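Pasted below: input-v5.pdb, PDB, C-alpha atoms.
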MODEL        1
ATOM      1  CA  PRO Q   1     -61.825 -62.094  66.712
ATOM      2  CA  ASP Q   2     -64.823 -59.786  66.925
ATOM      3  CA  ASP Q   3     -66.728 -60.361  63.676
ATOM      4  CA  SER Q   4     -68.350 -56.942  63.770
ATOM      5  CA  ARG Q   5     -65.003 -55.144  63.964
ATOM      6  CA  VAL Q   6     -63.577 -57.205  61.133
ATOM      7  CA  ARG Q   7     -66.670 -56.618  59.042
ATOM      8  CA  GLU Q   8     -66.588 -52.872  59.711
ATOM      9  CA  ALA Q   9     -62.908 -52.603  58.769
ATOM     10  CA  LEU Q  10     -63.422 -54.578  55.563
ATOM     11  CA  MET Q  11     -66.504 -52.552  54.640
ATOM     12  CA  TYR Q  12     -64.589 -49.329  55.234
ATOM     13  CA  ALA Q  13     -61.777 -50.532  52.948
ATOM     14  CA  LEU Q  14     -64.251 -51.614  50.274
ATOM     15  CA  GLN Q  15     -66.024 -48.280  50.281
ATOM     16  CA  ASN Q  16     -63.135 -45.890  50.848
ATOM     17  CA  ASP Q  17     -59.750 -47.226  49.791
ATOM     18  CA  THR Q  18     -58.407 -45.800  46.543
ATOM     19  CA  ASN Q  19     -56.371 -48.920  45.746
ATOM     20  CA  PRO Q  20     -58.411 -51.505  43.803
ATOM     21  CA  GLY Q  21     -56.171 -54.287  45.133
ATOM     22  CA  VAL Q  22     -57.178 -53.382  48.683
ATOM     23  CA  ARG Q  23     -60.849 -53.299  47.669
ATOM     24  CA  LEU Q  24     -60.451 -56.772  46.111
ATOM     25  CA  LYS Q  25     -58.921 -58.108  49.327
ATOM     26  CA  ALA Q  26     -61.754 -56.500  51.294
ATOM     27  CA  LEU Q  27     -64.285 -58.323  49.106
ATOM     28  CA  ASP Q  28     -62.434 -61.591  49.687
ATOM     29  CA  GLY Q  29     -62.619 -61.000  53.423
ATOM     30  CA  LEU Q  30     -66.300 -60.123  53.260
ATOM     31  CA  SER Q  31     -67.265 -63.290  51.402
ATOM     32  CA  GLY Q  32     -68.118 -65.080  54.644
ATOM     33  CA  PHE Q  33     -70.467 -62.295  55.701
ATOM     34  CA  VAL Q  34     -72.469 -61.886  52.473
ATOM     35  CA  ARG Q  35     -75.224 -64.386  53.179
ATOM     36  CA  ARG Q  36     -75.776 -63.502  56.818
ATOM     37  CA  ASP Q  37     -75.289 -59.754  56.942
ATOM     38  CA  PRO Q  38     -77.566 -57.355  55.029
ATOM     39  CA  VAL Q  39     -75.107 -54.458  55.480
ATOM     40  CA  VAL Q  40     -72.389 -56.465  53.742
ATOM     41  CA  ARG Q  41     -74.827 -57.605  51.077
ATOM     42  CA  ASP Q  42     -75.750 -54.004  50.318
ATOM     43  CA  GLY Q  43     -72.080 -52.976  50.287
ATOM     44  CA  VAL Q  44     -71.241 -55.702  47.802
ATOM     45  CA  LEU Q  45     -74.155 -54.627  45.599
ATOM     46  CA  ARG Q  46     -72.946 -51.001  45.762
ATOM     47  CA  ALA Q  47     -69.457 -52.104  44.735
ATOM     48  CA  LEU Q  48     -70.964 -54.131  41.918
ATOM     49  CA  ILE Q  49     -72.878 -51.130  40.631
ATOM     50  CA  SER Q  50     -70.428 -48.325  41.169
ATOM     51  CA  ASP Q  51     -66.819 -49.412  41.641
ATOM     52  CA  SER Q  52     -64.603 -47.895  38.969
ATOM     53  CA  ASN Q  53     -62.464 -51.027  38.684
ATOM     54  CA  SER Q  54     -63.868 -53.869  36.578
ATOM     55  CA  GLY Q  55     -61.894 -56.459  38.575
ATOM     56  CA  VAL Q  56     -63.573 -55.310  41.774
ATOM     57  CA  ARG Q  57     -66.973 -55.388  40.062
ATOM     58  CA  MET Q  58     -66.294 -58.908  38.735
ATOM     59  CA  GLN Q  59     -65.348 -60.139  42.221
ATOM     60  CA  ALA Q  60     -68.481 -58.519  43.658
ATOM     61  CA  LEU Q  61     -70.495 -60.305  40.973
ATOM     62  CA  ARG Q  62     -69.019 -63.630  42.115
ATOM     63  CA  LEU Q  63     -70.094 -62.874  45.686
ATOM     64  CA  VAL Q  64     -73.622 -62.057  44.528
ATOM     65  CA  GLU Q  65     -74.039 -65.541  43.041
ATOM     66  CA  PRO Q  66     -75.207 -67.218  46.293
ATOM     67  CA  MET Q  67     -77.911 -64.591  46.826
ATOM     68  CA  LYS Q  68     -79.173 -64.286  43.279
ATOM     69  CA  ALA Q  69     -82.830 -65.077  44.071
ATOM     70  CA  ASP Q  70     -83.194 -61.724  45.841
ATOM     71  CA  SER Q  71     -85.270 -59.118  43.949
ATOM     72  CA  ASN Q  72     -82.670 -56.397  44.606
ATOM     73  CA  VAL Q  73     -79.999 -58.624  43.118
ATOM     74  CA  ARG Q  74     -82.219 -59.272  40.101
ATOM     75  CA  SER Q  75     -82.580 -55.531  39.567
ATOM     76  CA  VAL Q  76     -78.827 -54.930  39.836
ATOM     77  CA  LEU Q  77     -78.086 -57.803  37.453
ATOM     78  CA  ALA Q  78     -80.576 -56.433  34.932
ATOM     79  CA  LYS Q  79     -78.834 -53.044  35.011
ATOM     80  CA  LEU Q  80     -75.418 -54.638  34.631
ATOM     81  CA  ALA Q  81     -76.580 -56.884  31.796
ATOM     82  CA  GLN Q  82     -77.637 -53.807  29.862
ATOM     83  CA  ALA Q  83     -75.136 -51.137  30.774
ATOM     84  CA  ASP Q  84     -71.886 -52.301  32.365
ATOM     85  CA  GLN Q  85     -68.876 -51.127  30.396
ATOM     86  CA  ASN Q  86     -67.176 -54.509  30.775
ATOM     87  CA  LEU Q  87     -68.350 -57.179  28.316
ATOM     88  CA  SER Q  88     -67.496 -60.047  30.718
ATOM     89  CA  ILE Q  89     -69.597 -58.512  33.471
ATOM     90  CA  ARG Q  90     -72.523 -57.893  31.106
ATOM     91  CA  SER Q  91     -72.303 -61.478  29.884
ATOM     92  CA  GLN Q  92     -72.062 -62.982  33.383
ATOM     93  CA  ALA Q  93     -74.968 -60.845  34.586
ATOM     94  CA  ARG Q  94     -77.088 -62.083  31.664
ATOM     95  CA  THR Q  95     -76.157 -65.684  32.425
ATOM     96  CA  MET Q  96     -77.043 -65.259  36.098
ATOM     97  CA  LEU Q  97     -80.378 -63.645  35.220
ATOM     98  CA  ALA Q  98     -81.234 -66.477  32.840
ATOM     99  CA  GLN Q  99     -80.544 -69.008  35.611
ATOM    100  CA  MET Q 100     -82.602 -67.220  38.269
ATOM    101  CA  PRO Q 101     -85.972 -68.653  39.177
ATOM    102  CA  GLU Q 102     -88.947 -66.445  38.405
ATOM    103  CA  MET Q 103     -90.070 -64.284  41.306
ATOM    104  CA  ASP Q 104     -93.697 -64.370  42.496
TER
ENDMDL
END
Before we go any further, please render this structure as structure tokens.
Amino acid sequence: PDDSRVREALMYALQNDTNPGVRLKALDGLSGFVRRDPVVRDGVLRALISDSNSGVRMQALRLVEPMKADSNVRSVLAKLAQADQNLSIRSQARTMLAQMPEMD
């Protein structure tokens, strides 16, 4: 299949579908694109910051794990560690920050 069409459809579902279950499935489908596609990476970070469903945010946090050395990811994790309404997400963000290498 055409990766770009699949990616676009999954990104559309992640950003626009009102059903959190659909957004979760979209994140699952996007997992293979996260490392190699900056558009997907940014979409996952947006979901992590702003999705209303804590399950979707938690799944986005799991996808962020492989790219946690990125300065944008560090910034998002710092915000989540301080302000996310979900205790598990705050705790996981703190753990990920503590495990990140220092940036130059």
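As for CA of Ala69 (chain Q) and CA of Arg90 (chain Q), they are spaced 18.1 Å apart.
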Residues matched by the PyMOL selection byres ((chain Q and resi 55) around 10), written as a PDB file with C-alpha atoms, in the coordinates of the input:
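The resulting part_18.pdb:
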ATOM      1  CA  PRO Q  20     -58.411 -51.505  43.803  1.00  0.00           C
ATOM      2  CA  GLY Q  21     -56.171 -54.287  45.133  1.00  0.00           C
ATOM      3  CA  ARG Q  23     -60.849 -53.299  47.669  1.00  0.00           C
ATOM      4  CA  LEU Q  24     -60.451 -56.772  46.111  1.00  0.00           C
ATOM      5  CA  LEU Q  48     -70.964 -54.131  41.918  1.00  0.00           C
ATOM      6  CA  ASP Q  51     -66.819 -49.412  41.641  1.00  0.00           C
ATOM      7  CA  SER Q  52     -64.603 -47.895  38.969  1.00  0.00           C
ATOM      8  CA  ASN Q  53     -62.464 -51.027  38.684  1.00  0.00           C
ATOM      9  CA  SER Q  54     -63.868 -53.869  36.578  1.00  0.00           C
ATOM     10  CA  VAL Q  56     -63.573 -55.310  41.774  1.00  0.00           C
ATOM     11  CA  ARG Q  57     -66.973 -55.388  40.062  1.00  0.00           C
ATOM     12  CA  MET Q  58     -66.294 -58.908  38.735  1.00  0.00           C
ATOM     13  CA  GLN Q  59     -65.348 -60.139  42.221  1.00  0.00           C
ATOM     14  CA  ALA Q  60     -68.481 -58.519  43.658  1.00  0.00           C
ATOM     15  CA  LEU Q  61     -70.495 -60.305  40.973  1.00  0.00           C
ATOM     16  CA  ASN Q  86     -67.176 -54.509  30.775  1.00  0.00           C
ATOM     17  CA  ILE Q  89     -69.597 -58.512  33.471  1.00  0.00           C
TER      18      ILE Q  89
END
Exercise. Applied to the shown file, which residues does the PyMOL selection byres ((chain Q and resi 96) around 12) return, written as a count of residues only?
Worked result: 28
For this session: For region 14-18 of chain Q, work out the shell of residues within 8 Å, counting all atoms listed in the file and skipping chain neighbours fewer than 4 positions away, then give it as a list in words.
Result: Leu10, Val22, Arg23, Leu24, Ala26, Leu27, Gly43 and Ala47 of chain Q
Problem set entry | Residue nearest Arg7 (chain Q) among Q:Val34, Q:Leu87, Q:Leu63, Q:Leu45 (counting all atoms listed in the file) | Q:Val34
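For the atom pair formed by CA of Phe33 (chain Q) and CA of Asp70 (chain Q), the distance is 16.1 Å, given to one decimal.
Going from CA of Gly29 (chain Q) over to CA of Tyr12 (chain Q), you cover 12.0 Å.
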